[in-house]
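query21.tsv (TSV, C-alpha atoms) appears below.
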chain	number	residue	atom	x	y	z
T	1	MET	CA	137.36	-192.07	-7.32
T	2	LYS	CA	135.57	-189.21	-9.05
T	3	ARG	CA	131.87	-188.79	-8.40
T	4	LEU	CA	130.11	-187.99	-11.69
T	5	ALA	CA	126.76	-186.52	-12.72
T	6	VAL	CA	125.51	-187.15	-16.26
T	7	PHE	CA	123.03	-184.66	-17.79
T	8	VAL	CA	120.58	-186.02	-20.39
T	9	SER	CA	117.52	-185.06	-22.44
T	10	GLY	CA	116.63	-188.14	-24.47
T	11	GLY	CA	117.38	-191.79	-25.13
T	12	GLY	CA	120.65	-191.74	-23.27
T	13	THR	CA	122.93	-193.87	-25.46
T	14	ASP	CA	125.88	-191.60	-24.58
T	15	LEU	CA	124.97	-192.06	-20.88
T	16	GLN	CA	124.94	-195.82	-21.46
T	17	SER	CA	128.46	-195.69	-22.91
T	18	VAL	CA	129.67	-194.10	-19.66
T	19	LEU	CA	127.71	-196.55	-17.45
T	20	ASP	CA	129.16	-199.46	-19.46
T	21	ALA	CA	132.69	-198.12	-19.02
T	22	GLN	CA	132.14	-197.88	-15.26
T	23	GLN	CA	130.63	-201.39	-15.15
T	24	GLU	CA	133.63	-202.78	-17.06
T	25	GLY	CA	136.12	-201.10	-14.72
T	26	ARG	CA	137.39	-198.61	-17.31
T	27	LEU	CA	136.64	-195.54	-15.14
T	28	ASN	CA	138.26	-194.47	-11.91
T	29	GLY	CA	134.90	-192.94	-11.10
T	30	SER	CA	131.21	-193.63	-10.66
T	31	VAL	CA	128.03	-192.07	-11.98
T	32	GLU	CA	126.20	-190.93	-8.83
T	33	LEU	CA	123.44	-188.83	-10.39
T	34	VAL	CA	121.59	-188.46	-13.69
T	35	VAL	CA	119.95	-185.07	-14.33
T	36	SER	CA	117.34	-184.82	-17.07
T	37	SER	CA	115.72	-181.79	-18.71
T	38	LYS	CA	112.65	-183.90	-19.53
T	39	ALA	CA	110.49	-186.36	-17.62
T	40	GLY	CA	109.86	-189.82	-19.01
T	41	VAL	CA	112.92	-190.07	-21.28
T	42	TYR	CA	114.57	-193.46	-21.68
T	43	ALA	CA	117.86	-192.18	-20.23
T	44	LEU	CA	116.11	-192.10	-16.84
T	45	GLU	CA	115.24	-195.80	-17.25
T	46	ARG	CA	118.88	-196.58	-18.01
T	47	ALA	CA	119.90	-194.74	-14.83
T	48	LYS	CA	117.39	-196.66	-12.72
T	49	LYS	CA	118.50	-200.00	-14.19
T	50	ALA	CA	122.06	-199.10	-13.21
T	51	GLY	CA	120.91	-198.11	-9.70
T	52	VAL	CA	121.79	-194.43	-10.18
T	53	SER	CA	119.77	-191.60	-8.58
T	54	THR	CA	117.85	-189.38	-10.97
T	55	ALA	CA	116.48	-185.85	-10.94
T	56	VAL	CA	114.35	-183.98	-13.47
T	57	PHE	CA	114.64	-180.18	-13.79
T	58	LEU	CA	111.96	-178.53	-15.92
T	59	LYS	CA	112.54	-174.98	-17.17
T	60	LYS	CA	108.89	-174.03	-16.72
T	61	GLU	CA	109.11	-174.67	-12.97
T	62	TYR	CA	111.72	-171.94	-12.45
T	63	PRO	CA	111.47	-168.17	-12.91
T	64	SER	CA	114.79	-168.12	-14.83
T	65	ALA	CA	117.46	-170.43	-16.24
T	66	GLU	CA	119.92	-169.04	-13.67
T	67	GLU	CA	117.66	-170.05	-10.77
T	68	MET	CA	117.15	-173.53	-12.20
T	69	ASN	CA	120.91	-173.90	-12.49
T	70	GLU	CA	121.29	-172.71	-8.88
T	71	ALA	CA	118.97	-175.52	-7.82
T	72	ILE	CA	121.00	-177.98	-9.90
T	73	ILE	CA	124.25	-176.74	-8.30
T	74	ALA	CA	122.73	-177.29	-4.84
T	75	LEU	CA	121.85	-180.88	-5.74
T	76	LEU	CA	125.33	-181.50	-7.23
T	77	GLN	CA	126.90	-180.25	-4.00
T	78	GLU	CA	124.63	-182.52	-1.97
T	79	TYR	CA	125.90	-185.46	-4.03
T	80	ARG	CA	129.51	-184.17	-3.76
T	81	ILE	CA	129.87	-184.29	-7.55
T	82	ASP	CA	133.41	-183.82	-8.94
T	83	GLY	CA	132.60	-183.80	-12.64
T	84	ILE	CA	129.65	-183.38	-15.00
T	85	VAL	CA	129.13	-185.14	-18.32
T	86	LEU	CA	126.70	-183.55	-20.79
T	87	ALA	CA	125.32	-186.43	-22.83
T	88	GLY	CA	122.89	-184.81	-25.25
T	89	TYR	CA	121.59	-182.37	-22.63
T	90	LEU	CA	119.54	-179.67	-24.39
T	91	ASN	CA	119.04	-177.10	-21.62
T	92	ILE	CA	121.45	-174.18	-21.43
T	93	LEU	CA	124.09	-174.14	-18.72
T	94	THR	CA	124.17	-170.63	-17.30
T	95	PRO	CA	127.50	-169.02	-16.26
T	96	ASN	CA	126.93	-169.80	-12.55
T	97	ILE	CA	127.25	-173.56	-13.11
T	98	VAL	CA	130.11	-173.15	-15.62
T	99	ARG	CA	132.03	-171.09	-13.05
T	100	ALA	CA	131.28	-173.53	-10.22
T	101	TYR	CA	132.61	-176.47	-12.30
T	102	ARG	CA	135.30	-174.79	-14.45
T	103	ASN	CA	137.06	-177.46	-16.58
T	104	LYS	CA	134.95	-180.09	-14.84
T	105	ILE	CA	132.05	-180.17	-17.31
T	106	ILE	CA	132.56	-182.42	-20.33
T	107	ASN	CA	130.34	-182.17	-23.41
T	108	ILE	CA	130.16	-184.33	-26.53
T	109	HIS	CA	129.26	-182.67	-29.83
T	110	PRO	CA	128.53	-184.63	-33.03
T	111	SER	CA	130.86	-182.73	-35.42
T	112	LEU	CA	134.50	-181.69	-35.71
T	113	ILE	CA	134.40	-178.36	-33.85
T	114	PRO	CA	134.78	-175.53	-35.01
T	115	SER	CA	132.74	-176.87	-37.97
T	116	PHE	CA	128.95	-177.25	-37.58
T	117	CYS	CA	128.66	-176.13	-33.95
T	118	GLY	CA	127.26	-173.26	-31.92
T	119	ALA	CA	123.71	-172.00	-31.48
T	120	GLY	CA	121.12	-174.11	-33.32
T	121	TYR	CA	123.46	-177.02	-34.05
T	122	TYR	CA	122.17	-180.00	-32.09
T	123	GLY	CA	120.94	-183.50	-32.88
T	124	LEU	CA	120.03	-184.23	-36.48
T	125	ARG	CA	120.40	-180.54	-37.39
T	126	VAL	CA	124.18	-180.96	-37.18
T	127	HIS	CA	124.22	-183.87	-39.61
T	128	SER	CA	121.75	-182.16	-41.98
T	129	ALA	CA	124.06	-179.13	-42.08
T	130	VAL	CA	127.10	-181.33	-42.83
T	131	LEU	CA	125.27	-182.99	-45.74
T	132	SER	CA	123.86	-179.70	-47.13
T	133	TYR	CA	127.34	-178.18	-47.05
T	134	GLY	CA	128.72	-181.15	-48.95
T	135	ALA	CA	131.46	-181.92	-46.41
T	136	LYS	CA	133.20	-185.26	-46.91
T	137	ILE	CA	134.50	-185.65	-43.34
T	138	SER	CA	132.57	-185.15	-40.12
T	139	GLY	CA	133.23	-186.54	-36.67
T	140	ALA	CA	132.77	-186.08	-32.95
T	141	THR	CA	134.34	-183.74	-30.40
T	142	VAL	CA	134.59	-184.03	-26.62
T	143	HIS	CA	135.35	-180.71	-24.95
T	144	PHE	CA	135.21	-178.85	-21.67
T	145	VAL	CA	132.30	-176.44	-21.39
T	146	ASP	CA	132.93	-172.72	-21.09
T	147	GLU	CA	130.50	-169.78	-21.25
T	148	GLY	CA	130.10	-170.03	-25.05
T	149	ALA	CA	128.18	-172.47	-27.25
T	150	ASP	CA	130.59	-175.33	-28.13
T	151	THR	CA	133.59	-173.03	-27.68
T	152	GLY	CA	135.42	-174.65	-24.75
T	153	PRO	CA	138.83	-176.40	-24.81
T	154	ILE	CA	138.81	-179.56	-26.94
T	155	ILE	CA	139.75	-182.82	-25.20
T	156	MET	CA	139.50	-185.32	-28.06
T	157	GLN	CA	138.22	-185.47	-31.64
T	158	ARG	CA	137.71	-188.32	-34.05
T	159	ALA	CA	136.87	-188.13	-37.77
T	160	VAL	CA	133.98	-189.95	-39.46
T	161	PRO	CA	133.78	-190.10	-43.27
T	162	VAL	CA	130.57	-188.96	-44.96
T	163	SER	CA	129.30	-191.56	-47.43
T	164	GLU	CA	127.57	-190.87	-50.73
T	165	GLY	CA	123.86	-191.39	-50.17
T	166	ASP	CA	124.08	-190.58	-46.44
T	167	THR	CA	120.93	-189.26	-44.81
T	168	PRO	CA	121.14	-187.20	-41.60
T	169	GLU	CA	120.00	-190.39	-39.82
T	170	SER	CA	122.63	-192.70	-41.33
T	171	LEU	CA	125.42	-190.18	-40.67
T	172	GLN	CA	124.16	-189.70	-37.09
T	173	GLU	CA	124.30	-193.45	-36.57
T	174	ARG	CA	127.96	-193.69	-37.64
T	175	VAL	CA	128.92	-190.61	-35.60
T	176	LEU	CA	127.11	-192.04	-32.53
T	177	GLU	CA	129.27	-195.18	-32.72
T	178	VAL	CA	132.33	-192.95	-32.48
T	179	GLU	CA	130.75	-190.88	-29.67
T	180	HIS	CA	130.26	-194.06	-27.66
T	181	GLN	CA	134.00	-194.79	-27.93
T	182	LEU	CA	135.23	-191.23	-27.46
T	183	LEU	CA	133.11	-190.09	-24.51
T	184	PRO	CA	134.07	-192.90	-22.08
T	185	GLU	CA	137.73	-192.52	-23.10
T	186	ALA	CA	137.63	-188.79	-22.29
T	187	VAL	CA	135.73	-189.36	-19.02
T	188	ALA	CA	138.29	-192.02	-18.02
T	189	LEU	CA	141.14	-189.53	-18.63
T	190	PHE	CA	139.26	-186.92	-16.57
T	191	CYS	CA	138.70	-189.41	-13.71
T	192	ALA	CA	142.40	-190.32	-13.80
T	193	ASP	CA	143.36	-186.59	-13.52
T	194	ARG	CA	145.20	-186.87	-16.82
T	195	LEU	CA	143.64	-183.83	-18.53
T	196	GLN	CA	145.71	-180.67	-18.18
T	197	VAL	CA	144.12	-177.46	-19.47
T	198	GLU	CA	146.40	-174.58	-20.53
T	199	GLY	CA	144.29	-171.78	-22.00
T	200	ARG	CA	142.47	-173.38	-24.91
T	201	ILE	CA	144.83	-176.37	-25.11
T	202	VAL	CA	144.10	-179.68	-23.40
T	203	LYS	CA	147.12	-181.92	-22.91
T	204	ILE	CA	146.90	-185.58	-21.94
T	205	LYS	CA	149.40	-186.37	-19.20
T	206	GLU	CA	151.19	-189.73	-19.15
Y	207	MET	CA	142.80	-186.11	-72.51
Y	208	LYS	CA	142.24	-182.98	-70.42
Y	209	ARG	CA	144.65	-180.10	-70.88
Y	210	LEU	CA	145.52	-178.66	-67.45
Y	211	ALA	CA	147.02	-175.43	-66.14
Y	212	VAL	CA	148.51	-175.39	-62.64
Y	213	PHE	CA	148.71	-172.06	-60.79
Y	214	VAL	CA	151.53	-171.65	-58.23
Y	215	SER	CA	153.19	-169.09	-55.98
Y	216	GLY	CA	156.04	-170.93	-54.25
Y	217	GLY	CA	157.97	-174.16	-53.98
Y	218	GLY	CA	155.47	-176.16	-55.96
Y	219	THR	CA	155.33	-179.48	-54.07
Y	220	ASP	CA	151.58	-179.74	-54.85
Y	221	LEU	CA	152.41	-179.09	-58.54
Y	222	GLN	CA	155.02	-181.85	-58.35
Y	223	SER	CA	152.40	-184.30	-57.01
Y	224	VAL	CA	150.31	-183.64	-60.15
Y	225	LEU	CA	153.31	-183.85	-62.51
Y	226	ASP	CA	154.31	-187.17	-60.87
Y	227	ALA	CA	150.79	-188.54	-61.30
Y	228	GLN	CA	150.89	-187.62	-64.99
Y	229	GLN	CA	154.36	-189.13	-65.41
Y	230	GLU	CA	153.18	-192.36	-63.78
Y	231	GLY	CA	150.13	-192.61	-66.03
Y	232	ARG	CA	147.62	-191.91	-63.23
Y	233	LEU	CA	146.00	-188.94	-65.05
Y	234	ASN	CA	143.95	-188.94	-68.22
Y	235	GLY	CA	145.34	-185.45	-68.74
Y	236	SER	CA	148.49	-183.41	-69.09
Y	237	VAL	CA	149.82	-180.25	-67.50
Y	238	GLU	CA	150.27	-177.87	-70.44
Y	239	LEU	CA	150.94	-174.62	-68.57
Y	240	VAL	CA	152.17	-173.43	-65.18
Y	241	VAL	CA	151.11	-169.92	-64.15
Y	242	SER	CA	152.96	-168.25	-61.28
Y	243	SER	CA	152.16	-165.11	-59.29
Y	244	LYS	CA	155.87	-164.65	-58.57
Y	245	ALA	CA	159.04	-164.78	-60.63
Y	246	GLY	CA	161.92	-167.02	-59.56
Y	247	VAL	CA	159.94	-169.49	-57.46
Y	248	TYR	CA	161.03	-173.13	-57.47
Y	249	ALA	CA	157.69	-174.27	-58.91
Y	250	LEU	CA	158.81	-172.69	-62.22
Y	251	GLU	CA	161.95	-174.84	-62.15
Y	252	ARG	CA	159.85	-177.95	-61.61
Y	253	ALA	CA	157.71	-176.98	-64.63
Y	254	LYS	CA	160.77	-176.46	-66.83
Y	255	LYS	CA	162.28	-179.81	-65.74
Y	256	ALA	CA	159.02	-181.46	-66.77
Y	257	GLY	CA	159.04	-179.62	-70.12
Y	258	VAL	CA	155.93	-177.56	-69.29
Y	259	SER	CA	155.43	-173.97	-70.51
Y	260	THR	CA	155.42	-171.29	-67.82
Y	261	ALA	CA	154.04	-167.78	-67.44
Y	262	VAL	CA	154.43	-165.23	-64.66
Y	263	PHE	CA	151.66	-162.71	-63.98
Y	264	LEU	CA	152.58	-159.90	-61.58
Y	265	LYS	CA	149.79	-157.85	-60.00
Y	266	LYS	CA	151.80	-154.63	-60.21
Y	267	GLU	CA	151.92	-154.86	-64.00
Y	268	TYR	CA	148.13	-154.60	-64.36
Y	269	PRO	CA	145.77	-151.73	-63.51
Y	270	SER	CA	143.39	-154.14	-61.72
Y	271	ALA	CA	143.06	-157.77	-60.66
Y	272	GLU	CA	140.21	-158.17	-63.18
Y	273	GLU	CA	142.43	-157.07	-66.06
Y	274	MET	CA	145.22	-159.40	-64.98
Y	275	ASN	CA	142.73	-162.27	-64.87
Y	276	GLU	CA	141.50	-161.29	-68.37
Y	277	ALA	CA	145.08	-161.64	-69.61
Y	278	ILE	CA	145.33	-165.03	-67.86
Y	279	ILE	CA	142.05	-166.17	-69.47
Y	280	ALA	CA	143.40	-165.19	-72.90
Y	281	LEU	CA	146.52	-167.30	-72.33
Y	282	LEU	CA	144.45	-170.25	-71.04
Y	283	GLN	CA	142.33	-170.08	-74.20
Y	284	GLU	CA	145.43	-169.97	-76.36
Y	285	TYR	CA	146.58	-173.20	-74.64
Y	286	ARG	CA	143.05	-174.67	-74.93
Y	287	ILE	CA	143.02	-175.39	-71.18
Y	288	ASP	CA	140.16	-177.59	-69.89
Y	289	GLY	CA	140.89	-177.40	-66.18
Y	290	ILE	CA	142.87	-175.33	-63.68
Y	291	VAL	CA	144.58	-176.60	-60.54
Y	292	LEU	CA	145.39	-174.04	-57.83
Y	293	ALA	CA	148.43	-175.41	-56.03
Y	294	GLY	CA	149.23	-172.85	-53.37
Y	295	TYR	CA	148.39	-169.91	-55.67
Y	296	LEU	CA	148.15	-166.73	-53.58
Y	297	ASN	CA	146.65	-164.23	-56.06
Y	298	ILE	CA	142.90	-163.73	-56.03
Y	299	LEU	CA	140.83	-165.22	-58.83
Y	300	THR	CA	138.31	-162.57	-59.90
Y	301	PRO	CA	134.75	-163.55	-60.91
Y	302	ASN	CA	135.54	-163.37	-64.65
Y	303	ILE	CA	137.89	-166.38	-64.47
Y	304	VAL	CA	135.61	-168.27	-62.05
Y	305	ARG	CA	132.69	-167.82	-64.48
Y	306	ALA	CA	134.80	-168.80	-67.51
Y	307	TYR	CA	135.89	-172.04	-65.79
Y	308	ARG	CA	132.87	-172.86	-63.59
Y	309	ASN	CA	133.48	-176.21	-61.81
Y	310	LYS	CA	136.74	-176.53	-63.72
Y	311	ILE	CA	139.02	-174.86	-61.15
Y	312	ILE	CA	140.30	-177.15	-58.40
Y	313	ASN	CA	141.89	-175.78	-55.22
Y	314	ILE	CA	143.59	-177.54	-52.34
Y	315	HIS	CA	143.28	-176.06	-48.85
Y	316	PRO	CA	145.25	-177.32	-45.83
Y	317	SER	CA	142.35	-177.76	-43.38
Y	318	LEU	CA	138.99	-179.49	-43.12
Y	319	ILE	CA	136.73	-176.82	-44.62
Y	320	PRO	CA	134.59	-175.12	-43.19
Y	321	SER	CA	137.11	-175.01	-40.31
Y	322	PHE	CA	140.11	-172.68	-40.58
Y	323	CYS	CA	139.44	-171.30	-44.05
Y	324	GLY	CA	138.44	-168.07	-45.75
Y	325	ALA	CA	140.18	-164.69	-45.91
Y	326	GLY	CA	143.57	-164.67	-44.19
Y	327	TYR	CA	143.85	-168.45	-43.84
Y	328	TYR	CA	146.74	-169.53	-46.05
Y	329	GLY	CA	150.05	-171.34	-45.57
Y	330	LEU	CA	151.36	-171.61	-42.02
Y	331	ARG	CA	148.62	-169.27	-40.77
Y	332	VAL	CA	146.13	-172.11	-41.17
Y	333	HIS	CA	148.16	-174.52	-39.05
Y	334	SER	CA	148.92	-171.84	-36.42
Y	335	ALA	CA	145.18	-171.21	-36.12
Y	336	VAL	CA	144.45	-174.94	-35.70
Y	337	LEU	CA	147.04	-175.20	-32.91
Y	338	SER	CA	145.90	-171.99	-31.13
Y	339	TYR	CA	142.32	-173.24	-31.21
Y	340	GLY	CA	143.40	-176.54	-29.67
Y	341	ALA	CA	141.80	-178.69	-32.39
Y	342	LYS	CA	142.82	-182.35	-32.30
Y	343	ILE	CA	141.98	-183.15	-35.93
Y	344	SER	CA	142.92	-181.15	-39.00
Y	345	GLY	CA	143.26	-182.27	-42.60
Y	346	ALA	CA	143.12	-181.24	-46.23
Y	347	THR	CA	140.28	-180.34	-48.59
Y	348	VAL	CA	140.15	-180.34	-52.40
Y	349	HIS	CA	137.27	-178.26	-53.75
Y	350	PHE	CA	135.99	-176.48	-56.82
Y	351	VAL	CA	136.48	-172.73	-56.73
Y	352	ASP	CA	133.49	-170.41	-56.68
Y	353	GLU	CA	133.27	-166.64	-56.14
Y	354	GLY	CA	133.89	-166.93	-52.37
Y	355	ALA	CA	137.03	-167.63	-50.35
Y	356	ASP	CA	137.25	-171.43	-49.86
Y	357	THR	CA	133.46	-171.76	-50.18
Y	358	GLY	CA	133.11	-173.88	-53.34
Y	359	PRO	CA	131.79	-177.47	-53.60
Y	360	ILE	CA	134.04	-179.98	-51.79
Y	361	ILE	CA	135.50	-182.81	-53.89
Y	362	MET	CA	137.48	-184.75	-51.28
Y	363	GLN	CA	138.66	-184.36	-47.70
Y	364	ARG	CA	141.07	-186.32	-45.56
Y	365	ALA	CA	141.69	-185.99	-41.82
Y	366	VAL	CA	145.12	-185.54	-40.20
Y	367	PRO	CA	145.51	-185.90	-36.43
Y	368	VAL	CA	147.17	-183.07	-34.50
Y	369	SER	CA	149.96	-184.35	-32.25
Y	370	GLU	CA	150.91	-182.99	-28.85
Y	371	GLY	CA	153.96	-180.82	-29.31
Y	372	ASP	CA	153.11	-180.00	-32.94
Y	373	THR	CA	154.45	-176.73	-34.30
Y	374	PRO	CA	152.76	-175.05	-37.28
Y	375	GLU	CA	155.68	-176.41	-39.35
Y	376	SER	CA	155.39	-180.03	-38.18
Y	377	LEU	CA	151.61	-180.02	-38.68
Y	378	GLN	CA	152.06	-178.46	-42.14
Y	379	GLU	CA	154.49	-181.23	-43.05
Y	380	ARG	CA	152.00	-183.99	-42.16
Y	381	VAL	CA	149.12	-182.19	-43.91
Y	382	LEU	CA	151.30	-181.70	-47.03
Y	383	GLU	CA	151.86	-185.47	-47.24
Y	384	VAL	CA	148.09	-185.89	-47.39
Y	385	GLU	CA	147.73	-183.02	-49.90
Y	386	HIS	CA	150.17	-184.80	-52.20
Y	387	GLN	CA	147.94	-187.91	-52.16
Y	388	LEU	CA	144.60	-186.10	-52.31
Y	389	LEU	CA	145.27	-183.54	-55.05
Y	390	PRO	CA	146.36	-185.99	-57.79
Y	391	GLU	CA	143.45	-188.29	-56.88
Y	392	ALA	CA	140.97	-185.44	-57.31
Y	393	VAL	CA	142.62	-184.23	-60.53
Y	394	ALA	CA	142.51	-187.79	-61.90
Y	395	LEU	CA	138.76	-187.96	-61.16
Y	396	PHE	CA	138.28	-184.59	-62.87
Y	397	CYS	CA	140.26	-185.72	-65.94
Y	398	ALA	CA	138.17	-188.91	-66.09
Y	399	ASP	CA	134.93	-186.81	-66.04
Y	400	ARG	CA	133.89	-188.61	-62.86
Y	401	LEU	CA	133.04	-185.51	-60.78
Y	402	GLN	CA	129.37	-184.58	-60.91
Y	403	VAL	CA	128.42	-181.29	-59.21
Y	404	GLU	CA	124.83	-180.84	-57.97
Y	405	GLY	CA	124.55	-177.52	-56.16
Y	406	ARG	CA	127.08	-177.77	-53.32
Y	407	ILE	CA	127.40	-181.55	-53.54
Y	408	VAL	CA	130.11	-183.29	-55.54
Y	409	LYS	CA	129.39	-186.92	-56.38
Y	410	ILE	CA	131.97	-189.33	-57.71
Y	411	LYS	CA	130.56	-191.32	-60.62
Y	412	GLU	CA	131.54	-194.96	-61.10
Rewritten as structure tokens:
Amino acid sequence: MKRLAVFVSGGGTDLQSVLDAQQEGRLNGSVELVVSSKAGVYALERAKKAGVSTAVFLKKEYPSAEEMNEAIIALLQEYRIDGIVLAGYLNILTPNIVRAYRNKIINIHPSLIPSFCGAGYYGLRVHSAVLSYGAKISGATVHFVDEGADTGPIIMQRAVPVSEGDTPESLQERVLEVEHQLLPEAVALFCADRLQVEGRIVKIKE
Amino acid sequence: MKRLAVFVSGGGTDLQSVLDAQQEGRLNGSVELVVSSKAGVYALERAKKAGVSTAVFLKKEYPSAEEMNEAIIALLQEYRIDGIVLAGYLNILTPNIVRAYRNKIINIHPSLIPSFCGAGYYGLRVHSAVLSYGAKISGATVHFVDEGADTGPIIMQRAVPVSEGDTPESLQERVLEVEHQLLPEAVALFCADRLQVEGRIVKIKE
């Protein structure tokens, strides 16, 4: 059984998709800790309803991002966390935490990486960029986190068609539906030790 | 009825998909001219079998790319060409031809633009780059040509899953199947005057 921490910054629908998968017995793992970059977000409510411990880390309370991440690492070690799921977490992970959990941090990004990703591409900004570009296919990507912005090895991707008349909000809604399928599937594969990373390539073992 | 020119550089399977669509009555248009950047390629045979005129333009026979494209424009005007389809054409279109046929030049690219496109991304190099990156979804894009490399307004896109164990060749084969569906569909919409370009956005009119 893998012990998981989920990192959040907002409403927590991606978190909910992982909690639901655990509840329904689809994960060989359990969410032991929810870390938020903001107080008072609804994701923290979801954690409490599921009986999961929560912690809030605010940037302004630390002299540097590195030191905040050191404090997070200490808490993760206390909880004996095996894997981290970034579910819309907006704070930056500094290299110390990436190194400590190499190929053990899973992120979901609301586009088909390498399109519409990297610095500045988060939330609705991603979907606005897709629509401004005039792309006809978008999607979602689950990947391991490395030192770059959305550059780590890709675990799974799924395409979502752009519709004529889409707004950033309507496209986000359709992509979120796919995220809520894709993220628990990827976390289940991680918990089952079925993800094998070779350089940039992630293979799914039988 | 739109009068079309198809530009080729190789085997011409994309050209064949357009000729087949015309033959089967799926196009309100006809291929009147095939322009090749190389002599002796099989695409020229396909054109001759279909009774279509052919012309070969070799870079080395012109003092500059601009002057070669001027000669091509003159031939297109002689044939009263309404639209151009780039079907694996490897020569560069200079701005004079792009301006003369603004939003009338259709290109097919074997990836989901803006991923894996631009200078240096052609043929098997595209699919090699997709596999090296570890992407799990690729696809094909049909777009209008502007002055940039693969930067023009996107008409249609379709996703193609990457399989474990794919080689550049096996991925190319699956993407080509999709190209052969997508390209005639887009050309048919163009011939039916159903493509409306607003800035970077291409809408399909009813």
Using all atoms listed in the file, find each residue in chain Y having at least one atom no more than 10 Å away from chain T; report its shortest atom-to-atom pair and that distance in Å (one decimal), rows by chain then rising number, as JSON lines.
{"residue": "Y:Leu318", "atom": "CA", "partner": "T:Ile137", "partner_atom": "CA", "distance": 7.6}
{"residue": "Y:Ile319", "atom": "CA", "partner": "T:Ala135", "partner_atom": "CA", "distance": 7.5}
{"residue": "Y:Pro320", "atom": "CA", "partner": "T:Ser115", "partner_atom": "CA", "distance": 5.8}
{"residue": "Y:Ser321", "atom": "CA", "partner": "T:Ser115", "partner_atom": "CA", "distance": 5.3}
{"residue": "Y:Phe322", "atom": "CA", "partner": "T:Pro114", "partner_atom": "CA", "distance": 8.2}
{"residue": "Y:Val336", "atom": "CA", "partner": "T:Pro114", "partner_atom": "CA", "distance": 9.7}
{"residue": "Y:Leu337", "atom": "CA", "partner": "T:Ile201", "partner_atom": "CA", "distance": 8.2}
{"residue": "Y:Ser338", "atom": "CA", "partner": "T:Arg200", "partner_atom": "CA", "distance": 7.2}
{"residue": "Y:Tyr339", "atom": "CA", "partner": "T:Arg200", "partner_atom": "CA", "distance": 6.3}
{"residue": "Y:Gly340", "atom": "CA", "partner": "T:Ile201", "partner_atom": "CA", "distance": 4.8}
{"residue": "Y:Ala341", "atom": "CA", "partner": "T:Ile154", "partner_atom": "CA", "distance": 6.3}
{"residue": "Y:Lys342", "atom": "CA", "partner": "T:Gln157", "partner_atom": "CA", "distance": 5.6}
{"residue": "Y:Ile343", "atom": "CA", "partner": "T:Gln157", "partner_atom": "CA", "distance": 6.2}
{"residue": "Y:Ser344", "atom": "CA", "partner": "T:Leu112", "partner_atom": "CA", "distance": 9.1}
{"residue": "Y:Gly345", "atom": "CA", "partner": "T:Ile137", "partner_atom": "CA", "distance": 9.4}
{"residue": "Y:Thr347", "atom": "CA", "partner": "T:Lys136", "partner_atom": "CA", "distance": 8.8}
{"residue": "Y:Thr357", "atom": "CA", "partner": "T:Tyr133", "partner_atom": "CA", "distance": 9.4}
{"residue": "Y:Gly358", "atom": "CA", "partner": "T:Tyr133", "partner_atom": "CA", "distance": 9.6}
{"residue": "Y:Pro359", "atom": "CA", "partner": "T:Gly134", "partner_atom": "CA", "distance": 6.7}
{"residue": "Y:Ile360", "atom": "CA", "partner": "T:Gly134", "partner_atom": "CA", "distance": 6.1}
{"residue": "Y:Ile361", "atom": "CA", "partner": "T:Lys136", "partner_atom": "CA", "distance": 7.7}
{"residue": "Y:Met362", "atom": "CA", "partner": "T:Lys136", "partner_atom": "CA", "distance": 6.1}
{"residue": "Y:Gln363", "atom": "CA", "partner": "T:Lys136", "partner_atom": "CA", "distance": 5.6}
{"residue": "Y:Arg364", "atom": "CA", "partner": "T:Ile137", "partner_atom": "CA", "distance": 7.0}
{"residue": "Y:Ala365", "atom": "CA", "partner": "T:Ala159", "partner_atom": "CA", "distance": 6.6}
{"residue": "Y:Val366", "atom": "CA", "partner": "T:Ala159", "partner_atom": "CA", "distance": 9.0}
{"residue": "Y:Pro367", "atom": "CA", "partner": "T:Arg158", "partner_atom": "CA", "distance": 8.5}
{"residue": "Y:Val368", "atom": "CA", "partner": "T:Gln157", "partner_atom": "CA", "distance": 9.7}
{"residue": "Y:Glu370", "atom": "CA", "partner": "T:Lys203", "partner_atom": "CA", "distance": 7.1}
{"residue": "Y:Gly371", "atom": "CA", "partner": "T:Lys203", "partner_atom": "CA", "distance": 9.4}
{"residue": "Y:Glu404", "atom": "CA", "partner": "T:Gly134", "partner_atom": "CA", "distance": 9.8}
{"residue": "Y:Gly405", "atom": "CA", "partner": "T:Gly134", "partner_atom": "CA", "distance": 9.1}
{"residue": "Y:Arg406", "atom": "CA", "partner": "T:Gly134", "partner_atom": "CA", "distance": 5.8}
{"residue": "Y:Ile407", "atom": "CA", "partner": "T:Gly134", "partner_atom": "CA", "distance": 4.8}
{"residue": "Y:Val408", "atom": "CA", "partner": "T:Gly134", "partner_atom": "CA", "distance": 7.1}
{"residue": "Y:Lys409", "atom": "CA", "partner": "T:Glu164", "partner_atom": "CA", "distance": 7.1}
{"residue": "Y:Ile410", "atom": "CA", "partner": "T:Glu164", "partner_atom": "CA", "distance": 8.4}
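From CA of Val291 (chain Y) back to CA of Val241 (chain Y), the distance works out to 10.0 Å.
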Skip Arg286 (chain Y) itself and residues of its chain fewer than 5 positions away, then list as a PyMOL selection string all residues within 9 Å of it, counting all atoms listed in the file.
-> chain Y and resi 209-210+281
Go ahead and write the residues just picked, C-alpha atoms, as a PDB file, in the coordinates of the input.
ATOM      1  CA  ARG Y 209     144.650-180.100 -70.880  1.00  0.00           C
ATOM      2  CA  LEU Y 210     145.520-178.660 -67.450  1.00  0.00           C
ATOM      3  CA  LEU Y 281     146.520-167.300 -72.330  1.00  0.00           C
TER       4      LEU Y 281
END
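Remark: for Ser242 (chain Y), the closest of the candidate residues Y:Tyr295, Y:Ala355, Y:Gln228, Y:Thr373 is Y:Tyr295 (distances computed over all atoms listed in the file).
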